[in-house]
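Novice: my_file-v1.txt is reproduced in full below (compact mmCIF, C-alpha atoms and all ligand atoms).
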# COMPACT_ATOMS: atom_id res chain seq x y z
CA MET A 1 -13.14 5.74 13.74
CA THR A 2 -11.89 2.67 11.89
CA TYR A 3 -8.61 1.21 13.09
CA ARG A 4 -6.33 1.26 10.03
CA VAL A 5 -3.29 -0.93 9.40
CA ALA A 6 -1.02 -0.14 6.44
CA LEU A 7 0.54 -3.06 4.61
CA THR A 8 3.68 -2.09 2.75
CA GLY A 9 6.81 -3.67 1.30
CA GLY A 10 9.05 -3.51 -1.74
CA ILE A 11 8.15 -4.70 -5.23
CA GLY A 12 7.39 -8.43 -5.23
CA SER A 13 7.69 -8.73 -1.45
CA GLY A 14 4.33 -10.51 -1.19
CA LYS A 15 1.89 -7.70 -0.32
CA SER A 16 -0.94 -9.03 -2.52
CA THR A 17 -0.43 -12.57 -1.23
CA VAL A 18 -0.54 -11.40 2.40
CA ALA A 19 -3.52 -9.07 1.75
CA GLU A 20 -5.53 -12.00 0.37
CA GLU A 21 -4.91 -13.96 3.57
CA PHE A 22 -6.12 -11.05 5.72
CA ALA A 23 -9.18 -10.73 3.46
CA SER A 24 -9.99 -14.40 4.08
CA PHE A 25 -10.46 -13.47 7.76
CA GLY A 26 -13.10 -10.96 6.65
CA VAL A 27 -10.81 -7.95 6.97
CA THR A 28 -11.67 -5.02 4.68
CA VAL A 29 -8.77 -4.49 2.26
CA SER A 30 -8.25 -1.26 0.33
CA ASP A 31 -5.52 -1.32 -2.32
CA ALA A 32 -3.81 1.89 -3.48
CA ASP A 33 -2.75 0.35 -6.82
CA ALA A 34 -6.29 -0.83 -7.58
CA ILE A 35 -7.64 2.64 -6.78
CA SER A 36 -4.99 4.25 -8.96
CA HIS A 37 -6.07 2.01 -11.85
CA ARG A 38 -9.71 2.89 -11.31
CA LEU A 39 -8.92 6.61 -11.25
CA THR A 40 -7.22 6.32 -14.64
CA ALA A 41 -9.62 3.85 -16.31
CA PRO A 42 -12.17 5.18 -18.85
CA GLY A 43 -14.22 7.89 -17.12
CA GLY A 44 -11.75 7.90 -14.21
CA GLU A 45 -11.76 10.85 -11.85
CA ALA A 46 -8.07 11.69 -12.41
CA LEU A 47 -8.29 11.94 -16.20
CA PRO A 48 -9.52 15.54 -16.61
CA ALA A 49 -6.62 16.88 -14.51
CA ILE A 50 -4.13 14.62 -16.29
CA ALA A 51 -5.36 15.78 -19.71
CA ALA A 52 -5.24 19.43 -18.61
CA THR A 53 -1.69 19.05 -17.28
CA PHE A 54 -0.08 16.74 -19.82
CA GLY A 55 -2.30 17.12 -22.90
CA ALA A 56 -5.32 15.28 -24.29
CA GLU A 57 -2.98 12.88 -26.13
CA MET A 58 -2.34 11.18 -22.77
CA ILE A 59 -5.85 9.69 -23.02
CA ASP A 60 -6.08 6.72 -25.40
CA ALA A 61 -8.88 5.75 -27.80
CA THR A 62 -10.71 3.78 -25.10
CA GLY A 63 -10.81 6.86 -22.86
CA ALA A 64 -8.25 5.49 -20.38
CA LEU A 65 -4.86 6.86 -19.44
CA ASP A 66 -2.24 5.84 -22.03
CA ARG A 67 0.04 4.21 -19.47
CA ALA A 68 2.95 3.54 -21.80
CA ARG A 69 2.97 7.15 -22.97
CA MET A 70 2.65 8.53 -19.46
CA ARG A 71 5.44 6.26 -18.23
CA GLN A 72 7.67 7.55 -21.01
CA GLN A 73 6.85 11.14 -20.07
CA VAL A 74 7.65 10.78 -16.37
CA PHE A 75 10.55 8.33 -16.77
CA ALA A 76 13.27 10.92 -17.33
CA ASP A 77 11.46 13.94 -15.90
CA PRO A 78 11.14 14.08 -12.09
CA ALA A 79 9.10 17.31 -12.28
CA ALA A 80 6.53 15.61 -14.51
CA ARG A 81 6.43 12.64 -12.15
CA GLN A 82 5.78 15.01 -9.27
CA ARG A 83 2.94 16.69 -11.14
CA LEU A 84 1.36 13.30 -11.88
CA GLU A 85 1.72 12.23 -8.26
CA GLY A 86 0.28 15.57 -7.17
CA ILE A 87 -2.86 14.69 -9.11
CA LEU A 88 -3.12 11.02 -8.15
CA HIS A 89 -2.01 10.83 -4.53
CA PRO A 90 -4.65 13.11 -2.96
CA LEU A 91 -7.38 11.26 -4.89
CA ILE A 92 -6.02 7.85 -3.83
CA ARG A 93 -5.82 9.03 -0.24
CA THR A 94 -9.43 10.28 -0.25
CA ASP A 95 -10.71 7.06 -1.83
CA MET A 96 -8.80 4.86 0.63
CA LEU A 97 -10.21 6.76 3.59
CA ALA A 98 -13.72 6.57 2.12
CA GLU A 99 -13.41 2.83 1.41
CA THR A 100 -12.32 2.15 4.98
CA GLU A 101 -14.60 4.61 6.75
CA ALA A 102 -17.78 2.67 7.42
CA ILE A 103 -16.73 -0.97 7.37
CA SER A 104 -18.40 -4.02 8.85
CA GLY A 105 -15.20 -5.69 10.11
CA PRO A 106 -13.19 -4.63 13.17
CA TYR A 107 -10.29 -3.03 11.29
CA ALA A 108 -9.12 -2.24 7.76
CA LEU A 109 -5.94 -3.14 5.90
CA LEU A 110 -4.64 -0.47 3.51
CA VAL A 111 -2.19 -1.85 0.94
CA ILE A 112 0.10 1.09 0.18
CA PRO A 113 3.27 0.02 -1.68
CA LEU A 114 4.84 3.49 -1.47
CA LEU A 115 3.65 4.33 2.05
CA LEU A 116 7.06 5.49 3.25
CA GLU A 117 8.22 7.02 -0.04
CA THR A 118 5.12 9.24 -0.04
CA GLY A 119 5.18 9.91 3.72
CA GLN A 120 1.64 8.72 4.34
CA GLN A 121 2.13 7.09 7.74
CA SER A 122 -0.22 9.64 9.32
CA LEU A 123 -3.07 8.00 7.40
CA VAL A 124 -2.84 4.84 9.51
CA ASP A 125 -2.65 3.61 13.11
CA ARG A 126 -0.08 0.87 12.47
CA VAL A 127 2.52 -0.11 9.87
CA LEU A 128 3.00 -3.75 8.80
CA VAL A 129 5.99 -4.51 6.55
CA VAL A 130 6.39 -7.63 4.40
CA ASP A 131 10.08 -8.39 4.44
CA LEU A 132 12.41 -10.73 2.56
CA PRO A 133 16.06 -10.85 1.46
CA GLU A 134 16.77 -8.79 -1.67
CA ALA A 135 18.07 -11.75 -3.72
CA MET A 136 14.78 -13.55 -3.15
CA GLN A 137 12.81 -10.42 -4.02
CA ILE A 138 14.66 -10.14 -7.34
CA ALA A 139 14.11 -13.82 -8.15
CA ARG A 140 10.34 -13.60 -7.47
CA VAL A 141 9.85 -10.42 -9.50
CA GLN A 142 11.82 -11.97 -12.33
CA ALA A 143 9.71 -15.13 -12.27
CA ARG A 144 6.52 -13.06 -12.27
CA SER A 145 7.39 -10.36 -14.79
CA GLY A 146 10.36 -11.53 -16.86
CA LEU A 147 12.16 -8.23 -16.17
CA GLU A 148 15.96 -8.39 -16.18
CA PRO A 149 17.70 -8.40 -12.78
CA ASP A 150 19.32 -4.98 -13.41
CA GLN A 151 15.91 -3.46 -14.23
CA ILE A 152 14.52 -4.93 -11.02
CA GLN A 153 17.53 -3.64 -9.10
CA ARG A 154 16.81 -0.12 -10.42
CA ILE A 155 13.21 -0.31 -9.22
CA ILE A 156 14.38 -1.55 -5.82
CA ALA A 157 16.90 1.31 -5.65
CA SER A 158 14.10 3.84 -6.34
CA GLN A 159 12.20 2.59 -3.27
CA VAL A 160 13.19 3.02 0.40
CA SER A 161 15.81 0.54 1.59
CA ARG A 162 14.97 -2.64 3.44
CA ALA A 163 16.54 -1.19 6.60
CA GLU A 164 14.48 2.04 6.40
CA ARG A 165 11.31 0.03 5.89
CA LEU A 166 12.04 -2.20 8.87
CA ALA A 167 12.85 0.85 11.01
CA ALA A 168 9.37 2.24 10.25
CA ALA A 169 7.58 -1.07 10.91
CA ASP A 170 5.40 -1.71 13.94
CA ASP A 171 5.07 -5.31 12.77
CA ARG A 172 6.87 -7.47 10.24
CA ILE A 173 5.92 -10.50 8.18
CA ASP A 174 8.84 -12.66 7.11
CA ASN A 175 8.21 -13.80 3.52
CA GLY A 176 11.61 -15.40 3.07
CA GLY A 177 10.12 -18.85 3.45
CA ASP A 178 7.54 -20.84 1.52
CA PRO A 179 3.98 -19.52 1.09
CA ALA A 180 2.67 -21.82 3.83
CA SER A 181 4.81 -20.00 6.40
CA LEU A 182 2.73 -16.83 5.88
CA TRP A 183 -0.51 -18.19 7.27
CA PRO A 184 0.50 -18.55 10.97
CA GLN A 185 2.09 -15.10 10.88
CA VAL A 186 -1.04 -13.53 9.41
CA GLU A 187 -3.23 -15.35 11.90
CA ARG A 188 -1.16 -14.12 14.87
CA LEU A 189 -1.20 -10.53 13.59
CA HIS A 190 -4.92 -10.69 12.88
CA GLN A 191 -5.54 -11.66 16.52
CA ALA A 192 -3.31 -8.81 17.69
CA TYR A 193 -5.09 -6.29 15.43
CA LEU A 194 -8.49 -7.42 16.69
CA LYS A 195 -7.33 -6.54 20.22
CA LEU A 196 -5.80 -3.23 19.15
CA ALA A 197 -8.94 -2.29 17.23
CA GLN A 198 -11.01 -3.07 20.31
CA LEU A 199 -8.81 -0.85 22.51
CA HIS A 200 -9.04 1.86 19.86
CA ASP A 201 -12.85 1.66 19.93
CA ASP A 202 -12.97 1.64 23.72
CA ARG A 203 -10.90 4.80 24.11
CA PRO A 204 -13.09 7.20 26.04
CA PRO A 205 -13.55 10.68 24.63
CA VAL A 206 -11.21 13.14 26.37
CA HIS A 207 -13.92 15.00 28.32
CA LEU A 208 -15.29 11.74 29.80
CA ALA A 209 -11.82 10.69 30.88
CA ARG A 210 -11.47 14.00 32.75
CA GLN A 211 -14.89 13.72 34.45
CA SER A 212 -14.09 10.30 35.87
CA ARG A 213 -11.18 11.57 37.95
P1 LIG B 1 3.64 -7.71 -4.24
O1 LIG B 1 2.13 -7.58 -4.16
O2 LIG B 1 4.33 -7.22 -3.02
O3 LIG B 1 4.23 -7.15 -5.49
P2 LIG B 1 3.06 -10.54 -4.66
O4 LIG B 1 2.18 -10.96 -3.53
O5 LIG B 1 2.42 -10.30 -5.98
O6 LIG B 1 3.97 -9.28 -4.24
O7 LIG B 1 4.23 -11.63 -4.76
C1 LIG B 1 5.22 -11.52 -5.78
C2 LIG B 1 5.38 -12.85 -6.50
O8 LIG B 1 5.99 -13.78 -5.61
C3 LIG B 1 4.06 -13.46 -6.93
O9 LIG B 1 4.26 -14.12 -8.15
C4 LIG B 1 3.74 -14.43 -5.80
O10 LIG B 1 2.93 -15.49 -6.24
C5 LIG B 1 5.13 -14.90 -5.39
N1 LIG B 1 5.27 -15.22 -3.96
C6 LIG B 1 4.79 -14.52 -2.90
N2 LIG B 1 5.15 -15.10 -1.74
C7 LIG B 1 5.87 -16.18 -2.06
C8 LIG B 1 6.55 -17.22 -1.30
N3 LIG B 1 6.56 -17.20 0.04
N4 LIG B 1 7.21 -18.18 -1.99
C9 LIG B 1 7.23 -18.18 -3.34
N5 LIG B 1 6.62 -17.26 -4.11
C10 LIG B 1 5.96 -16.27 -3.49
Can the structure from this file be put into structure tokens for me?
Ligand code: ADP

Specialist:
Amino acid sequence: MTYRVALTGGIGSGKSTVAEEFASFGVTVSDADAISHRLTAPGGEALPAIAATFGAEMIDATGALDRARMRQQVFADPAARQRLEGILHPLIRTDMLAETEAISGPYALLVIPLLLETGQQSLVDRVLVVDLPEAMQIARVQARSGLEPDQIQRIIASQVSRAERLAAADDRIDNGGDPASLWPQVERLHQAYLKLAQLHDDRPPVHLARQSR
């Protein structure tokens, strides 16, 4: 079975940047956000259930999910958010496992922003966290999106804390420096994951291990 590493981190922590560097080593990358978009694009697999649950008006003229409308609906209604997640998360999970099932490379990287919030650690063999100080995180999200700092702070507050994330991490990438400082960290981890994937592959089936005694 494929050795799977989850890449997670808060908003704007640098997950996409880090994932691209792993991909440049030939690592298979599966991205939960990209899958979620695909599931809700025109003809997307999640749309029938979303229309049945929230009404056909949630689908726009192009046949895609009306994101602005859906966001409005779940913004102030946790029960609605849960229903939406109940539709999307199992589909995302299935697609991620399928995408990383029969791969050519030695291991797969699963980019799952809300790995810990959605309790999906059991999906993976290892958890890699991209970490940086909160002030830097806010500055980068602001530069990218133009959101106000208090809006960004609210999003950060809705995610697990930096300390909780680090407590769940098997490995950590420090993205508090310049982009060039990522490369040696990614390279070192890639070498480590190659070894771990090899050990994972070499594990003898239980009955063989017993026979050899
Ligand atoms: P995520 O995928 O976690 O939301 P991104 O990889 O998109 O994060 O990074 C967030 C923003 O910060 C992007 O605009 C990216 O170009 C920028 N960024 C990422 N790492 C660095 C860095 N070390 N220094 C400066 N900017 C960075």

Novice: Enumerate, in order of chain and increasing residue number, the residues of chain A with an atom no farther than 6 Å from ligand LIG 1 (chain B), each with its shortest atom pair and distance in Å to one decimal, counting all atoms listed in the file, as JSON lines.

Specialist:
{"residue": "A:Ile11", "atom": "CA", "partner": "B:LIG1", "partner_atom": "O3", "distance": 4.6}
{"residue": "A:Gly12", "atom": "CA", "partner": "B:LIG1", "partner_atom": "O3", "distance": 3.4}
{"residue": "A:Ser13", "atom": "CA", "partner": "B:LIG1", "partner_atom": "O2", "distance": 4.0}
{"residue": "A:Gly14", "atom": "CA", "partner": "B:LIG1", "partner_atom": "O4", "distance": 3.2}
{"residue": "A:Lys15", "atom": "CA", "partner": "B:LIG1", "partner_atom": "O2", "distance": 3.7}
{"residue": "A:Ser16", "atom": "CA", "partner": "B:LIG1", "partner_atom": "O1", "distance": 3.8}
{"residue": "A:Thr17", "atom": "CA", "partner": "B:LIG1", "partner_atom": "O4", "distance": 3.8}
{"residue": "A:Arg140", "atom": "CA", "partner": "B:LIG1", "partner_atom": "O8", "distance": 4.7}
{"residue": "A:Val141", "atom": "CA", "partner": "B:LIG1", "partner_atom": "C2", "distance": 5.9}
{"residue": "A:Arg144", "atom": "CA", "partner": "B:LIG1", "partner_atom": "O9", "distance": 4.8}
{"residue": "A:Asn175", "atom": "CA", "partner": "B:LIG1", "partner_atom": "N3", "distance": 5.1}
{"residue": "A:Gly177", "atom": "CA", "partner": "B:LIG1", "partner_atom": "N3", "distance": 5.2}
{"residue": "A:Asp178", "atom": "CA", "partner": "B:LIG1", "partner_atom": "N3", "distance": 4.0}
{"residue": "A:Pro179", "atom": "CA", "partner": "B:LIG1", "partner_atom": "N3", "distance": 3.6}

Novice: So how far away is CA of Val74 in chain A from CA of Met58 in chain A, in Å?

Specialist: 11.9 Å

Novice: So which one's closest to Thr8 in chain A, A:Gly119, A:Pro113, A:Pro149, A:Pro133? Using all atoms listed in the file, please.

Specialist: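 Once distances to Thr8 in chain A are computed over all atoms listed in the file, the minimum belongs to A:Pro113.
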
Novice: Give me the residues near Ala49 in chain A as a PyMOL selection string, where near means some atom within 12 Å (using only C-alpha atoms) and where sequence neighbours in that chain fewer than 6 positions away do not count.

Specialist: chain A and resi 39-40+55-56+58-59+65+83-88+91

Novice: Around the point (-13.2, 4.6, 16.2) (coordinates from the file), which residues reach within 7 Å if we count only C-alpha atoms? Answer as a list of chain:residue names.

Specialist: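 Checked against the point, the hits come out as A:Met1, A:Thr2, A:Tyr3, A:His200, A:Asp201.
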
Novice: Give me, as JSON lines, the closest atom pair and its distance (Å, one decimal) for every residue of range 146-176 of chain A within a cut-off of 8 Å of range 120-131 of chain A, counting all atoms listed in the file, rows sorted by chain and rising number.

Specialist:
{"residue": "A:Arg162", "atom": "CA", "partner": "A:Asp131", "partner_atom": "CA", "distance": 7.6}
{"residue": "A:Arg165", "atom": "CA", "partner": "A:Val129", "partner_atom": "CA", "distance": 7.0}
{"residue": "A:Leu166", "atom": "CA", "partner": "A:Val129", "partner_atom": "CA", "distance": 6.9}
{"residue": "A:Ala168", "atom": "CA", "partner": "A:Val127", "partner_atom": "CA", "distance": 7.3}
{"residue": "A:Ala169", "atom": "CA", "partner": "A:Val127", "partner_atom": "CA", "distance": 5.3}
{"residue": "A:Asp170", "atom": "CA", "partner": "A:Val127", "partner_atom": "CA", "distance": 5.2}
{"residue": "A:Asp171", "atom": "CA", "partner": "A:Leu128", "partner_atom": "CA", "distance": 4.7}
{"residue": "A:Arg172", "atom": "CA", "partner": "A:Val129", "partner_atom": "CA", "distance": 4.8}
{"residue": "A:Ile173", "atom": "CA", "partner": "A:Val130", "partner_atom": "CA", "distance": 4.8}
{"residue": "A:Asp174", "atom": "CA", "partner": "A:Asp131", "partner_atom": "CA", "distance": 5.2}
{"residue": "A:Asn175", "atom": "CA", "partner": "A:Asp131", "partner_atom": "CA", "distance": 5.8}
{"residue": "A:Gly176", "atom": "CA", "partner": "A:Asp131", "partner_atom": "CA", "distance": 7.3}

Novice: Could the residues in this selection be saved with C-alpha atoms as a compact mmCIF listing (two decimals), in the coordinates of the input?

Specialist:
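The resulting selection-v6.txt:
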# COMPACT_ATOMS: atom_id res chain seq x y z
CA ARG A 162 14.97 -2.64 3.44
CA ARG A 165 11.31 0.03 5.89
CA LEU A 166 12.04 -2.20 8.87
CA ALA A 168 9.37 2.24 10.25
CA ALA A 169 7.58 -1.07 10.91
CA ASP A 170 5.40 -1.71 13.94
CA ASP A 171 5.07 -5.31 12.77
CA ARG A 172 6.87 -7.47 10.24
CA ILE A 173 5.92 -10.50 8.18
CA ASP A 174 8.84 -12.66 7.11
CA ASN A 175 8.21 -13.80 3.52
CA GLY A 176 11.61 -15.40 3.07

Novice: Record the distance separating CA of Thr118 in chain A and CA of His89 in chain A, expressed in Å with one decimal.

Specialist: 8.6 Å

Novice: Looking at all atoms listed in the file, which of A:Phe75, A:Gly26, A:Leu189, A:His37 is the one that sits closest to Ile155 in chain A?

Specialist: A:Phe75

Novice: Return the single residue from A:Gln73, A:Ser24, A:Ser161, A:Thr94 that is closest to His190 in chain A, with distances computed using all atoms listed in the file.

Specialist: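 Once distances to His190 in chain A are computed over all atoms listed in the file, the minimum belongs to A:Ser24.
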
Novice: If I take CA of Leu196 in chain A and CA of Ile103 in chain A, how far is one from the other in Å, to one decimal?

Specialist: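 Answer for the CA of Leu196 in chain A to CA of Ile103 in chain A separation: 16.2 Å.
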
Novice: Give the centre and edge lengths of an axis-aligned box, in Å to one decimal, that holds all listed atoms of range 41-53 of chain A with 5 Å on each side, as lines of an AutoDock Vina configuration file.

Specialist:
center_x = -8.0
center_y = 11.6
center_z = -15.8
size_x = 22.5
size_y = 25.6
size_z = 17.9

Novice: Between A:Thr100, A:Gln137, A:Gln72, A:Thr53, single out the one closest to Val5 in chain A, counting all atoms listed in the file.

Specialist: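 Smallest distance to Val5 in chain A is found for A:Thr100.
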
Novice: My list of candidates is A:Ser181, A:Ala64, A:Val111, A:Leu132. Which is closest to Glu20 in chain A when distances are computed with all atoms listed in the file?

Specialist: A:Val111
